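Engineer: Please read through the structure below; I'll follow up with questions.
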Amino acid sequence: MPIFNDTKVAFADKSDAQLRKAYWMFKMIEQPALTSLGTSVLNFTVHNNFPFVTGIVKSTLFEQFCGGETREESMKVVKQLFKRGVGSIFDYSIEGKEDEETFDAVCKEIKDIIRFSVGNPAIPFIVFKPTAFGRIDLYEAVGKGAELTSSQKEEWERVVRRFDEVCSLCHENDKKVMVDAEETWMQDAADQLCEEMMEKYNQEKPIVWNTIQMYRTGRLEYMEAHLQRAREKNYFIGYKIVRGAYMEKERARAAEKGYADPIQPTKEASDKNYNAGIDFVMNHLDKVSAFFGTHNEISSELVMDKMKSKSLENGNPHVYFGQLYGMSDNITFYLSDKGYNVAKYLPYGPVKDVVPYLTRRARENTSVAGQTGRELGLIKKELDRRKK
């Protein structure tokens with residue numbers, strides 16, 4: 001879309017060298033076979049402590065998609081973004097660990113982020129993944145209503161306690177917290193936990209926000225039913241509306257286990273469902289607030305048009321936009337330039353621990369049609385502009 005094509009605005013903070021490095025990296029990601037091989041090798045070498053590989057990762061993928069190894073190191077990026085009206089959402093991107101010690105450590109880290117961000121408008125949201133606080137198999141069992149053993153019940157109580165400690169601390173300090181969505185087979189339990197936290201902490205305004213993946217079937221129906229429950233219990237809803245990031249895994253598991261594919265049949269159907277989610281939110285702003293996490297120009301412009309048709313100010317507190325750090329700067333900085341609420345997801349953590357996130361991000365870029373090509377086109381356009 002033409003309004004998002006101003007590369008001078010999009011890359012105002014990037015040097016020529018930074019743009020050339022980003023171009024080279026997206027060019028590598030553009031090749032599916034190379035990405036598949038590279039991510040496998042990368043996970044192996046970093047896991048086995050090849051120090052030179054860690055250094056290469058930090059100066060390429062990590063630098064593009066992460067703020068730093070610590071919150072303090074990441075503050076340089078936070079301050080730079082906020083100078084241009086863009087918030088940052090610290091995302092402690094440790095994935096793939098399933099022990100109680102790690103769950104407690106991540107919970108402590110999230111609470112430290114909350115305290116770190118109090119009084120700082122540059123950090124408008126806190127975020128965590130449900131599986132950062134508990135095992136995915138446990139969520140699945142709870143969601144299915146399975147009979148839990150005594151030890152599983154105690155384990156689930158610890159998951160609930162971690163959720164509650166984080167949401168309570170956010171409520172106490174007036175910080176909004178988003179709970180990320182993950183695989184469909186664990187989401188029912190996560191949805192239920194989010195609703196319990198909303199009922200408890202969203203009595204006056206949306207503190208707790210759940211994530212709705214619109215590439216899934218049945219999500220619009222879920223939101224409609226949830227709104228009815230929220231009206232009955234008199235609390236506010238916060239949603240992060242996204243398309244989704246587990247499509248290939250979801251389809252493969254559905255085929256393997258013989259149940260209905262939970263993903264929309266086509267990209268067009270996902271887009272249509274996402275836009276229906278926009279309509280739902282914009283028609284219920286008395287009770288629902290939304291963070292539209294999208295790298296799609298058409299969806300972003302649709303939200304803007306809906307706001308205009310309802311005579312809402314660009315900075316309306318019920319509507320946020322968001323993109324991942326290192327991507328879609330053409331959308332992010334156009335929105336901030338026009339006074340909309342917009343924030344970047346800013347992953348951070350030790351390089352070795354963040355590699356699973358980085359490799360997943362690389363694979364997702366490869367699988368989303370047109371995503372990497374668009375980034376390459378915008379970078380090339382800006383480099384050409386600067387030569388003139």
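Here, A, B, ... name the chains of the structure tokens in the order displayed, residue numbers run from 1 inside each chain, and ligands are numbered from 1 in the same displayed order.
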With a distance cut-off of 8 Å and only C-alpha atoms, select the neighbouring residues of segment 113-121 of chain A, excluding the residue or stretch itself and same-chain residues fewer than 2 positions from it, and output the selection as a short mmCIF file (atom, residue, chain, number, x, y, z; two decimals) with all heavy atoms, in the first residue's frame.
Structural biologist:
```
data_model
loop_
_atom_site.label_atom_id
_atom_site.label_comp_id
_atom_site.auth_asym_id
_atom_site.auth_seq_id
_atom_site.Cartn_x
_atom_site.Cartn_y
_atom_site.Cartn_z
N ARG A 71 18.08 -6.63 29.84
CA ARG A 71 17.20 -5.47 29.75
C ARG A 71 18.02 -4.19 29.65
O ARG A 71 17.71 -3.30 28.85
CB ARG A 71 16.29 -5.39 30.99
CG ARG A 71 15.23 -6.46 31.07
CD ARG A 71 14.26 -6.18 32.22
NE ARG A 71 14.95 -6.06 33.50
CZ ARG A 71 15.26 -7.09 34.28
NH1 ARG A 71 14.97 -8.31 33.90
NH2 ARG A 71 15.88 -6.90 35.44
N GLY A 87 6.78 2.43 21.29
CA GLY A 87 7.02 1.73 22.53
C GLY A 87 7.77 0.43 22.31
O GLY A 87 7.91 -0.03 21.17
N PHE A 90 9.30 -5.74 26.11
CA PHE A 90 10.36 -6.70 26.40
C PHE A 90 9.82 -8.12 26.31
O PHE A 90 8.85 -8.47 26.98
CB PHE A 90 10.92 -6.47 27.80
CG PHE A 90 11.95 -5.38 27.89
CD1 PHE A 90 11.92 -4.46 28.93
CD2 PHE A 90 12.95 -5.28 26.94
CE1 PHE A 90 12.87 -3.46 29.02
CE2 PHE A 90 13.91 -4.27 27.02
CZ PHE A 90 13.87 -3.36 28.07
N GLU A 109 11.92 -13.29 36.26
CA GLU A 109 12.38 -12.33 35.25
C GLU A 109 11.24 -11.44 34.78
O GLU A 109 11.41 -10.22 34.63
CB GLU A 109 12.99 -13.08 34.06
CG GLU A 109 13.55 -12.19 32.96
CD GLU A 109 14.84 -11.50 33.34
OE1 GLU A 109 15.53 -11.95 34.28
OE2 GLU A 109 15.18 -10.48 32.69
N ILE A 110 10.05 -12.03 34.57
CA ILE A 110 8.91 -11.23 34.13
C ILE A 110 8.53 -10.22 35.20
O ILE A 110 8.24 -9.04 34.90
CB ILE A 110 7.70 -12.15 33.81
CG1 ILE A 110 8.04 -13.15 32.71
CG2 ILE A 110 6.49 -11.30 33.41
CD1 ILE A 110 8.50 -12.57 31.40
N LYS A 111 8.56 -10.63 36.46
CA LYS A 111 8.24 -9.69 37.55
C LYS A 111 9.30 -8.59 37.64
O LYS A 111 8.97 -7.43 37.93
CB LYS A 111 8.11 -10.44 38.88
CG LYS A 111 6.84 -11.31 38.94
CD LYS A 111 6.61 -11.92 40.30
CE LYS A 111 7.56 -13.06 40.58
NZ LYS A 111 7.24 -13.75 41.85
N ILE A 123 7.73 1.59 27.76
CA ILE A 123 7.48 0.15 27.88
C ILE A 123 6.02 -0.03 28.29
O ILE A 123 5.70 -0.19 29.46
CB ILE A 123 8.43 -0.50 28.91
CG1 ILE A 123 9.89 -0.12 28.59
CG2 ILE A 123 8.27 -2.02 28.93
CD1 ILE A 123 10.88 -0.54 29.65
N PRO A 124 5.08 0.02 27.31
CA PRO A 124 3.65 0.05 27.63
C PRO A 124 3.05 -1.30 28.02
O PRO A 124 1.99 -1.34 28.64
CB PRO A 124 3.02 0.57 26.34
CG PRO A 124 3.96 0.12 25.25
CD PRO A 124 5.33 0.18 25.86
N ILE A 126 3.75 -5.62 29.26
CA ILE A 126 4.55 -6.76 29.67
C ILE A 126 4.02 -7.95 28.88
O ILE A 126 2.84 -7.99 28.52
CB ILE A 126 4.39 -7.03 31.19
CG1 ILE A 126 4.58 -5.75 32.00
CG2 ILE A 126 5.32 -8.14 31.65
CD1 ILE A 126 5.92 -5.08 31.81
N LEU A 169 0.91 -8.20 40.11
CA LEU A 169 1.94 -7.15 40.15
C LEU A 169 1.67 -6.09 39.08
O LEU A 169 1.90 -4.90 39.30
CB LEU A 169 3.32 -7.78 39.96
CG LEU A 169 4.53 -6.88 40.22
CD1 LEU A 169 4.53 -6.33 41.64
CD2 LEU A 169 5.84 -7.65 39.96
N CYS A 170 1.19 -6.52 37.91
CA CYS A 170 0.84 -5.56 36.86
C CYS A 170 -0.32 -4.69 37.31
O CYS A 170 -0.32 -3.47 37.10
CB CYS A 170 0.49 -6.30 35.56
SG CYS A 170 1.93 -6.90 34.66
N ASN A 173 0.80 -2.11 39.74
CA ASN A 173 1.65 -1.05 39.18
C ASN A 173 1.08 -0.43 37.91
O ASN A 173 1.77 0.31 37.22
CB ASN A 173 3.04 -1.61 38.90
CG ASN A 173 3.82 -1.89 40.17
OD1 ASN A 173 4.33 -0.98 40.80
ND2 ASN A 173 3.90 -3.16 40.56
N LYS A 175 0.34 -1.66 34.94
CA LYS A 175 1.00 -2.06 33.71
C LYS A 175 0.15 -3.11 33.00
O LYS A 175 -0.39 -4.02 33.63
CB LYS A 175 2.39 -2.66 33.99
CG LYS A 175 3.36 -1.72 34.69
CD LYS A 175 3.71 -0.50 33.87
CE LYS A 175 4.48 -0.82 32.62
NZ LYS A 175 5.01 0.41 31.95
#
```
Engineer: Report the closest atom pair, with its distance in Å rounded to one decimal, for each residue of segment 171-223 of chain A that has an atom no farther than 12 Å from segment 284-307 of chain A; count only C-alpha atoms, sort by chain and then rising residue number, and write it as JSON lines.
Structural biologist:
```
{"residue": "A:Lys176", "atom": "CA", "partner": "A:Phe291", "partner_atom": "CA", "distance": 11.0}
{"residue": "A:Val177", "atom": "CA", "partner": "A:Phe291", "partner_atom": "CA", "distance": 11.3}
{"residue": "A:Met178", "atom": "CA", "partner": "A:Phe291", "partner_atom": "CA", "distance": 9.3}
{"residue": "A:Val179", "atom": "CA", "partner": "A:Phe291", "partner_atom": "CA", "distance": 11.8}
{"residue": "A:Asp180", "atom": "CA", "partner": "A:Gly293", "partner_atom": "CA", "distance": 11.2}
{"residue": "A:Met198", "atom": "CA", "partner": "A:Val288", "partner_atom": "CA", "distance": 11.7}
{"residue": "A:Asn202", "atom": "CA", "partner": "A:Lys287", "partner_atom": "CA", "distance": 10.4}
{"residue": "A:Gln203", "atom": "CA", "partner": "A:Lys287", "partner_atom": "CA", "distance": 10.7}
{"residue": "A:Glu204", "atom": "CA", "partner": "A:Lys287", "partner_atom": "CA", "distance": 10.5}
{"residue": "A:Lys205", "atom": "CA", "partner": "A:Lys287", "partner_atom": "CA", "distance": 8.9}
{"residue": "A:Pro206", "atom": "CA", "partner": "A:Ser289", "partner_atom": "CA", "distance": 7.2}
{"residue": "A:Ile207", "atom": "CA", "partner": "A:Ser289", "partner_atom": "CA", "distance": 10.2}
{"residue": "A:Val208", "atom": "CA", "partner": "A:Ser289", "partner_atom": "CA", "distance": 10.6}
{"residue": "A:Trp209", "atom": "CA", "partner": "A:Ala290", "partner_atom": "CA", "distance": 8.3}
{"residue": "A:Asn210", "atom": "CA", "partner": "A:Ala290", "partner_atom": "CA", "distance": 9.6}
{"residue": "A:Thr211", "atom": "CA", "partner": "A:Phe291", "partner_atom": "CA", "distance": 9.0}
{"residue": "A:Ile212", "atom": "CA", "partner": "A:Phe292", "partner_atom": "CA", "distance": 10.0}
{"residue": "A:Gln213", "atom": "CA", "partner": "A:Gly293", "partner_atom": "CA", "distance": 10.0}
{"residue": "A:Met214", "atom": "CA", "partner": "A:Gly293", "partner_atom": "CA", "distance": 10.9}
{"residue": "A:Met223", "atom": "CA", "partner": "A:Val288", "partner_atom": "CA", "distance": 9.9}
```
Engineer: Find, counting only C-alpha atoms, the residue in A:Val86, A:Leu383, A:Ala276, A:Ala252 that gets nearest to Gly339 of chain A.
Structural biologist: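 Comparing A:Val86, A:Leu383, A:Ala276, A:Ala252 against Gly339 of chain A, the winner is A:Val86.
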Engineer: Atom CA of Glu221 of chain A to atom CA of Asn273 of chain A: how many Å, to one decimal?
Structural biologist: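 A separation of 10.9 Å between them.
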Engineer: Go through A:Glu140, A:Asp104, A:Glu248, A:Asp6 and flag the residue nearest Asp337 of chain A, using only C-alpha atoms for the distances.
Structural biologist: A:Asp6
Engineer: Nearest to Phe82 of chain A among A:Ser59, A:Asn341, A:Thr372, A:Gln264, with distances taken over only C-alpha atoms: which residue is it?
Structural biologist: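 Of A:Ser59, A:Asn341, A:Thr372, A:Gln264, the one nearest Phe82 of chain A is A:Asn341, counting only C-alpha atoms.
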Engineer: So that I can see what lies close to segment 191-196 of chain A, please list as a PyMOL selection string the residues with an atom at most 12 Å from it, counting only C-alpha atoms and leaving out residues fewer than 2 positions away in the same chain.
Structural biologist: chain A and resi 128-130+139-140+142-145+156-157+159-164+166-167+177-189+198-203+206-213+219+222-223+225-227+229-230+233+235-239
Engineer: With only C-alpha atoms as the basis for distance, which of A:Met28, A:Ile331, A:Ile278, A:Ile263 is at the shortest distance from Gly218 of chain A?
Structural biologist: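 So, comparing all the options, the nearest one is A:Ile263.
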Engineer: Extract the full set of helix (DSSP H, G or I) residues from segment 114-257 of chain A according to DSSP on the backbone, and format it as JSON, numbers by chain.
Structural biologist: {"A": [114, 115, 116, 117, 130, 131, 132, 136, 137, 138, 139, 140, 141, 142, 143, 150, 151, 152, 153, 154, 155, 156, 157, 158, 159, 160, 161, 162, 163, 164, 165, 166, 167, 168, 169, 170, 171, 172, 173, 184, 185, 186, 187, 188, 189, 190, 191, 192, 193, 194, 195, 196, 197, 198, 199, 200, 201, 219, 220, 221, 222, 223, 224, 225, 226, 227, 228, 229, 230, 231, 232, 233, 247, 248, 249, 250, 251, 252, 253, 254, 255, 256, 257]}
Engineer: Provide the atom CA of Ser93 of chain A to atom CA of Val354 of chain A distance in Å, to one decimal place.
Structural biologist: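 Between these atoms lies a distance of 5.7 Å.
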